[in-house]
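Participant: Attaching a single structure in structure tokens format; questions to follow.
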Amino acid sequence: MKVEFTPEQEALRTELRAYFNELMTPELRIECDRDMGEGGGPLWREALLKMGRDGWIGVGWPKELGGRGMSPIEQFIFVEEIMRAGYPFPFLTTESVGPQLAEHGNEWQKANIVPKILTGECLIAIGYSEPGAGTDLARLKTTAVKEGDEWVINGQKMWTSLAHFCDYVWLACRTDQNAEKPHRGISMFLVPTSDPGWSSTPVVTLGGVRTNATYYDNIRVTDDALVGELNKGWKLITGQLNRERLSLVNCGPTQQLFNGVVKWAEETELPEGGRLIDQPWVQMNLAKVRAGVEALKLVCYKQAWAMTEGTLDMADASAAKVYGSEFFIEVYRALGEVMEQMSLVSEHSPNAEQHASRVERLYRTASIITFGGGTNEIQRDIISAAGLWMPRATR
Amino acid sequence: MNFGFSEEQRDVQNLARQIFTDLVSPETLKASDDYAAERFDEALWGKLAEAGLLGVAIDEAYGGMGFGFMELGLLVEEVGRSIAPAPVIPALVSGALPIQKFGSDEQKQRLLPGVVSGKTLLTAALMEKFNENPASPKLTSAVAKDGGYSVSGTKLCVPFAHRAERMIVSAKTEGGVVVLLVDPKAQGVTLNEMKVTTFEPQYEVVLKDVAVAADDVLAQADEGASVMQWLAECTTAALCTHQVGVTDCAMRMTASYTAERKQFGVPIATFQAVGHRAANCFIDVECLRLNAYQAVSRLANGLSATNEVQIAKIWAGDVGHRVSYASQHLHGGMGIDRDYPLWRYCTWMRHNEMMLGSSAKNLAALGKRVAAGEAYCQ
């Protein structure tokens, strides 16, 4: 029982912090802010290519697949540092889909896609949800039908984030209408967004972030586009979601925000005199956040440690996701209260204050991960079943 | 970074769990309900001594196992899981640890071997009315006398004072806080029984010009406050690990109950509202567990732990409260029946919530540290 990093892990953190400090030029920061922390701009692409050249893409991939073979704890440090730096790293491409392609992809994918992911030249969006298939994903209706040597793909996807600047969509399609169970008739395809049958319309969200509805109209691909075995896509989907969850809750940015607000409250004078931070209610809010973020830190570290040891418990992983996603919302509320009206002033306003305007935006974006990345109802189902051995209702 | 247990730690856990499983049951606990009998199981205490567990954190020189506070914390967690009638926190944490760390050779030689063998019981008088900070006594004072001190004042909720060979008492003097080992049988000491929610034997200790010899001074005015601060942090961290055991057991009892209990033809656990309330408990208990372990492990390694202990206690209070009411609610009436074991757990969750400061009080204290720049995230 020891909650401290090893000297090697601390050295990695120092190295990464210095690297990202240099990478995040003021111009790149402005571009990332403009793109609502999503990336996709020219400077963002340039930085990604540099990271590819410097070997900072695929840190968690096994060495034999071209990665760095970092342990989950090291990956956690990587994620923490890159999130602190504020670079919108394309985790879905590099850490979720990439390793699956490197492992389960066919010869064409291994020769043409995988190397480009590692150099930062290929970006992939995820196409799972549909208007009628969300949490019950196995009901998806987008089809891929074999005609001669080709697959013909038709359907519509929702929440295809980043697709407007990605090269491919990692697309879940129904390939067997008569499968005994719906999830046994699903296959994964890599569909190029350059195809004339592909289109997207933006969906602008509460947080200002753009996501997309994407449409697939008689897109024709060959077997090169099929990932893994036919009708065995479900395993790839669940494998990807487990990896995605790792990067959803991370304590680094919240710790940094907390420290920033504390410092700000120390320096802020009240009109009637005295410091804001000496107000009892301010101290109460800050203490609540401080106590909560400590738990988040421990939950995250334990998860990274358990993954490194190969002992990650399903219930613990779900508990981390639920706790983190719901805690973030409380953090933004509590810190927003401390900064009063300024926490409603947007960063685009000339008199915005740094931490307050960040909270203005974060408060609007925070709800996404309570339902995204596997909705918290499903996570709680997993916790009561896997963690407490409670029987589940059949659905 | 290591969240695992060493082989020795697992041995301590397993040994303790085995003894409590064998010797503690709803029937044995029932004996002391409503103070019908004293809530102290001598046979169990003897068994813990025989297994060496009373000396788990005592140096081998005094007959102990020579492990540290982490291993003692794991023993305390098992006491919580079984709510065993065994005063492990007062005797081994609040009583023995400070004597081992700050006591003279003579004091250690005199008191610690008896602690290990189970013959000597120690306790500490940590609270006064409206004062839960033993490092800053308000209602107890001492004056130098005959090389020792004469002490007067009143302490509240002192566990097992009637059985203790010595109780640790902090008192203010002109020069600062002194820490004294007071014999509860000494002249001038009055023990008034207090009947509390857990049925633990507790006393109001009234001290009137009690003479404490030089041999029984644990810390002089120059270091008394820091000794008491350390003692209070260790005791608070131990209350948190006790709470881990209590809440974990209550939660699992509840999960099992809902898996058996049927309504509308199905186990009530299959209703999402039920499953989710239990899942909230699971998340809560995990947060408490990690914070409690962190606090204990930092204290065990001699690191500063004031923030971590306060945070753990906030979680212990909140989680105890929430798990208690969720468990009762999900038992739908069964839980309040005194023939079913849950209700005793609820009283101990309440005990751990309130002892040495509630969540609100600890939040306020942590908030002060935040404002003083002492609680930035690392």
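Simple scheme: letters A, B, ... for chains in structure tokens order, numbers from 1 for residues in each chain, numbers from 1 for ligands in the order shown.
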Hey, could you make a per-residue contact list for chain A against chain B with 7 Å as the cut-off, showing the nearest pair of atoms and its distance in Å to one decimal, counting only C-alpha atoms, sorted by chain and number, as JSON lines?
Facilitator:
```
{"residue": "A:Met1", "atom": "CA", "partner": "B:Phe3", "partner_atom": "CA", "distance": 4.6}
{"residue": "A:Lys2", "atom": "CA", "partner": "B:Asn2", "partner_atom": "CA", "distance": 4.9}
{"residue": "A:Val3", "atom": "CA", "partner": "B:Met1", "partner_atom": "CA", "distance": 5.0}
{"residue": "A:Glu4", "atom": "CA", "partner": "B:Met1", "partner_atom": "CA", "distance": 4.9}
{"residue": "A:Phe5", "atom": "CA", "partner": "B:Met1", "partner_atom": "CA", "distance": 5.2}
{"residue": "A:Thr6", "atom": "CA", "partner": "B:Met1", "partner_atom": "CA", "distance": 6.8}
{"residue": "A:Gln255", "atom": "CA", "partner": "B:Cys377", "partner_atom": "CA", "distance": 5.8}
{"residue": "A:Asn259", "atom": "CA", "partner": "B:Tyr376", "partner_atom": "CA", "distance": 5.9}
{"residue": "A:Glu266", "atom": "CA", "partner": "B:Ala371", "partner_atom": "CA", "distance": 7.0}
{"residue": "A:Ile277", "atom": "CA", "partner": "B:Ala371", "partner_atom": "CA", "distance": 5.7}
{"residue": "A:Asp278", "atom": "CA", "partner": "B:Ala371", "partner_atom": "CA", "distance": 6.6}
{"residue": "A:Gln283", "atom": "CA", "partner": "B:Gly367", "partner_atom": "CA", "distance": 4.3}
{"residue": "A:Met284", "atom": "CA", "partner": "B:Gly367", "partner_atom": "CA", "distance": 5.6}
{"residue": "A:Leu286", "atom": "CA", "partner": "B:Gly367", "partner_atom": "CA", "distance": 6.3}
{"residue": "A:Ala287", "atom": "CA", "partner": "B:Gly367", "partner_atom": "CA", "distance": 4.7}
{"residue": "A:Lys288", "atom": "CA", "partner": "B:Leu363", "partner_atom": "CA", "distance": 6.8}
{"residue": "A:Ala291", "atom": "CA", "partner": "B:Ile311", "partner_atom": "CA", "distance": 5.2}
{"residue": "A:Ala295", "atom": "CA", "partner": "B:Cys287", "partner_atom": "CA", "distance": 5.4}
{"residue": "A:Leu298", "atom": "CA", "partner": "B:Leu290", "partner_atom": "CA", "distance": 6.2}
{"residue": "A:Lys302", "atom": "CA", "partner": "B:Phe3", "partner_atom": "CA", "distance": 6.3}
{"residue": "A:Trp305", "atom": "CA", "partner": "B:Asn2", "partner_atom": "CA", "distance": 6.8}
{"residue": "A:Ala319", "atom": "CA", "partner": "B:Ile283", "partner_atom": "CA", "distance": 5.5}
{"residue": "A:Tyr323", "atom": "CA", "partner": "B:Ile283", "partner_atom": "CA", "distance": 6.9}
{"residue": "A:Arg380", "atom": "CA", "partner": "B:Ala279", "partner_atom": "CA", "distance": 5.5}
{"residue": "A:Asp381", "atom": "CA", "partner": "B:Gly275", "partner_atom": "CA", "distance": 6.6}
{"residue": "A:Ile383", "atom": "CA", "partner": "B:Ala279", "partner_atom": "CA", "distance": 5.6}
{"residue": "A:Ser384", "atom": "CA", "partner": "B:Ala279", "partner_atom": "CA", "distance": 5.1}
{"residue": "A:Leu388", "atom": "CA", "partner": "B:Ala255", "partner_atom": "CA", "distance": 6.1}
{"residue": "A:Met390", "atom": "CA", "partner": "B:Ala259", "partner_atom": "CA", "distance": 5.6}
{"residue": "A:Pro391", "atom": "CA", "partner": "B:Thr270", "partner_atom": "CA", "distance": 5.7}
{"residue": "A:Arg392", "atom": "CA", "partner": "B:Thr270", "partner_atom": "CA", "distance": 4.7}
{"residue": "A:Ala393", "atom": "CA", "partner": "B:Thr270", "partner_atom": "CA", "distance": 4.7}
```
Participant: Taking only stretch 170-275 of chain B into account, list the residues labelled strand (DSSP E or B) by DSSP (computed from the backbone), as a ChimeraX atom specification.
Facilitator: /B:170-173,176-182,189-194,202-212,217-219,262-263,266-267
Participant: Determine which residues of stretch 8-102 of chain A receive a DSSP assignment of alpha helix (DSSP H), computed from the backbone, and state them as an MDAnalysis selection string.
Facilitator: chainID A and resid 8:23 26:34 42:53 72:85 91 98:102
Participant: Give me the residues within 10 Å of A:Phe89 as a list in words, counting only C-alpha atoms and dropping any in the same chain fewer than 5 places off.
Facilitator: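 Everything that qualifies: Gly37, Glu38, Gly39, Trp44, Ala47, Leu48, Ile57, Val79, Ile82, Met83, Thr94 and Glu95 of chain A.
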Participant: Work out how far apart atom CA of A:Lys141 and atom CA of A:Thr175 are and give it in Å to one decimal.
Facilitator: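 Separation between atom CA of A:Lys141 and atom CA of A:Thr175: 9.7 Å.
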Participant: Taking 3 positions as the minimum chain separation for residues in the same chain, which residues sit within 8 Å of stretch 133-140 of chain B when counting only C-alpha atoms? Answer as a VMD selection string.
Facilitator: chain B and resid 126 to 128 151 to 155 170 to 172 177 224 to 229 232 356
Participant: Emit the selected residues as an mmCIF file, in the first residue's frame, including N, CA, C and O atoms.
Facilitator:
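Once everything was written out, this is selection_13.cif:
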```cif
data_model
loop_
_atom_site.group_PDB
_atom_site.id
_atom_site.type_symbol
_atom_site.label_atom_id
_atom_site.label_comp_id
_atom_site.auth_asym_id
_atom_site.auth_seq_id
_atom_site.Cartn_x
_atom_site.Cartn_y
_atom_site.Cartn_z
ATOM 1 N N LEU B 126 -10.192 11.886 24.951
ATOM 2 C CA LEU B 126 -9.903 12.787 23.828
ATOM 3 C C LEU B 126 -10.869 13.956 23.700
ATOM 4 O O LEU B 126 -10.577 14.925 23.028
ATOM 5 N N MET B 127 -12.048 13.828 24.302
ATOM 6 C CA MET B 127 -13.047 14.868 24.042
ATOM 7 C C MET B 127 -13.516 15.560 25.316
ATOM 8 O O MET B 127 -13.604 14.953 26.374
ATOM 9 N N GLU B 128 -13.807 16.837 25.126
ATOM 10 C CA GLU B 128 -14.455 17.615 26.181
ATOM 11 C C GLU B 128 -15.759 18.138 25.592
ATOM 12 O O GLU B 128 -15.978 18.041 24.388
ATOM 13 N N VAL B 151 -3.811 17.693 38.097
ATOM 14 C CA VAL B 151 -4.673 17.973 36.952
ATOM 15 C C VAL B 151 -6.145 17.996 37.377
ATOM 16 O O VAL B 151 -6.585 17.176 38.184
ATOM 17 N N SER B 152 -6.893 18.936 36.775
ATOM 18 C CA SER B 152 -8.325 19.057 37.049
ATOM 19 C C SER B 152 -9.077 19.339 35.754
ATOM 20 O O SER B 152 -8.535 20.009 34.872
ATOM 21 N N GLY B 153 -10.296 18.836 35.689
ATOM 22 C CA GLY B 153 -11.107 19.113 34.501
ATOM 23 C C GLY B 153 -12.058 17.960 34.224
ATOM 24 O O GLY B 153 -12.148 17.010 35.010
ATOM 25 N N THR B 154 -12.762 18.066 33.090
ATOM 26 C CA THR B 154 -13.751 17.037 32.767
ATOM 27 C C THR B 154 -13.614 16.606 31.312
ATOM 28 O O THR B 154 -13.555 17.450 30.409
ATOM 29 N N LYS B 155 -13.535 15.308 31.098
ATOM 30 C CA LYS B 155 -13.477 14.746 29.746
ATOM 31 C C LYS B 155 -14.745 13.936 29.504
ATOM 32 O O LYS B 155 -15.307 13.357 30.438
ATOM 33 N N SER B 170 -4.878 15.011 28.053
ATOM 34 C CA SER B 170 -4.147 16.245 27.739
ATOM 35 C C SER B 170 -4.731 17.372 28.574
ATOM 36 O O SER B 170 -5.939 17.428 28.798
ATOM 37 N N ALA B 171 -3.842 18.250 29.035
ATOM 38 C CA ALA B 171 -4.289 19.364 29.885
ATOM 39 C C ALA B 171 -3.478 20.607 29.536
ATOM 40 O O ALA B 171 -2.312 20.507 29.147
ATOM 41 N N LYS B 172 -4.135 21.751 29.657
ATOM 42 C CA LYS B 172 -3.379 22.981 29.374
ATOM 43 C C LYS B 172 -2.617 23.405 30.626
ATOM 44 O O LYS B 172 -3.091 23.207 31.746
ATOM 45 N N VAL B 177 0.515 22.567 26.289
ATOM 46 C CA VAL B 177 -0.289 21.384 26.591
ATOM 47 C C VAL B 177 0.623 20.266 27.089
ATOM 48 O O VAL B 177 1.647 19.976 26.469
ATOM 49 N N GLY B 224 3.628 18.599 23.934
ATOM 50 C CA GLY B 224 2.349 17.948 24.216
ATOM 51 C C GLY B 224 1.320 18.107 23.099
ATOM 52 O O GLY B 224 0.635 17.161 22.726
ATOM 53 N N ALA B 225 1.250 19.334 22.553
ATOM 54 C CA ALA B 225 0.232 19.578 21.515
ATOM 55 C C ALA B 225 0.513 18.725 20.283
ATOM 56 O O ALA B 225 -0.413 18.166 19.680
ATOM 57 N N SER B 226 1.791 18.600 19.907
ATOM 58 C CA SER B 226 2.077 17.810 18.700
ATOM 59 C C SER B 226 1.879 16.317 18.962
ATOM 60 O O SER B 226 1.466 15.583 18.068
ATOM 61 N N VAL B 227 2.155 15.883 20.189
ATOM 62 C CA VAL B 227 1.875 14.475 20.531
ATOM 63 C C VAL B 227 0.374 14.207 20.394
ATOM 64 O O VAL B 227 -0.050 13.209 19.808
ATOM 65 N N MET B 228 -0.442 15.119 20.929
ATOM 66 C CA MET B 228 -1.887 14.922 20.887
ATOM 67 C C MET B 228 -2.428 15.030 19.457
ATOM 68 O O MET B 228 -3.386 14.359 19.081
ATOM 69 N N GLN B 229 -1.804 15.900 18.663
ATOM 70 C CA GLN B 229 -2.199 16.038 17.267
ATOM 71 C C GLN B 229 -1.975 14.698 16.546
ATOM 72 O O GLN B 229 -2.834 14.205 15.821
ATOM 73 N N ALA B 232 -4.436 12.137 17.811
ATOM 74 C CA ALA B 232 -5.782 12.382 17.271
ATOM 75 C C ALA B 232 -5.853 11.960 15.809
ATOM 76 O O ALA B 232 -6.855 11.377 15.364
ATOM 77 N N LEU B 356 -14.658 12.374 17.257
ATOM 78 C CA LEU B 356 -13.546 13.261 16.888
ATOM 79 C C LEU B 356 -13.866 14.181 15.716
ATOM 80 O O LEU B 356 -12.972 14.540 14.949
#
```
Participant: A:Pro196: which residues within 12 Å, counting only C-alpha atoms, same-chain residues fewer than 5 positions away excluded, as a PyMOL selection string?
Facilitator: chain A and resi 191+215-220
Participant: For A:Ile369, which residue out of A:Gly207, A:Gly324, A:Gly252, A:Gly239 is the nearest one, using only C-alpha atoms?
Facilitator: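 Among A:Gly207, A:Gly324, A:Gly252, A:Gly239, it is A:Gly324 that comes nearest to A:Ile369.
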Participant: Just want the 7 Å neighbourhood of stretch 104-111 of chain A, counted on only C-alpha atoms, with same-chain residues fewer than 2 positions away dropped. Output as number ranges by chain.
Facilitator: A: 100-102, 113-115, 224, 227-228
Participant: Work out how far apart atom CA of A:Leu23 and atom CA of A:Gln240 are and give it in Å to one decimal.
Facilitator: 28.2 Å
Participant: Write out as a list in words the residues lying within 7 Å of B:Val323, counting only C-alpha atoms and excluding same-chain residues fewer than 3 positions away.
Facilitator: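 Near B:Val323, the qualifying residues are Thr247, Met251, Cys281, Val319, Gly320, Ala326 and Ser327 of chain B.
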Participant: Which one of B:Val189, B:Ile336, B:Ala161, B:Ala16 sits closest to B:Leu48 if you count only C-alpha atoms?
Facilitator: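 Residue with the minimum atom-to-atom distance to B:Leu48: B:Ala16.
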Participant: Please report the interatomic distance between atom CA of B:Asp209 and atom CA of B:Thr123 in Å with one decimal.
Facilitator: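 So the answer is 20.3 Å.
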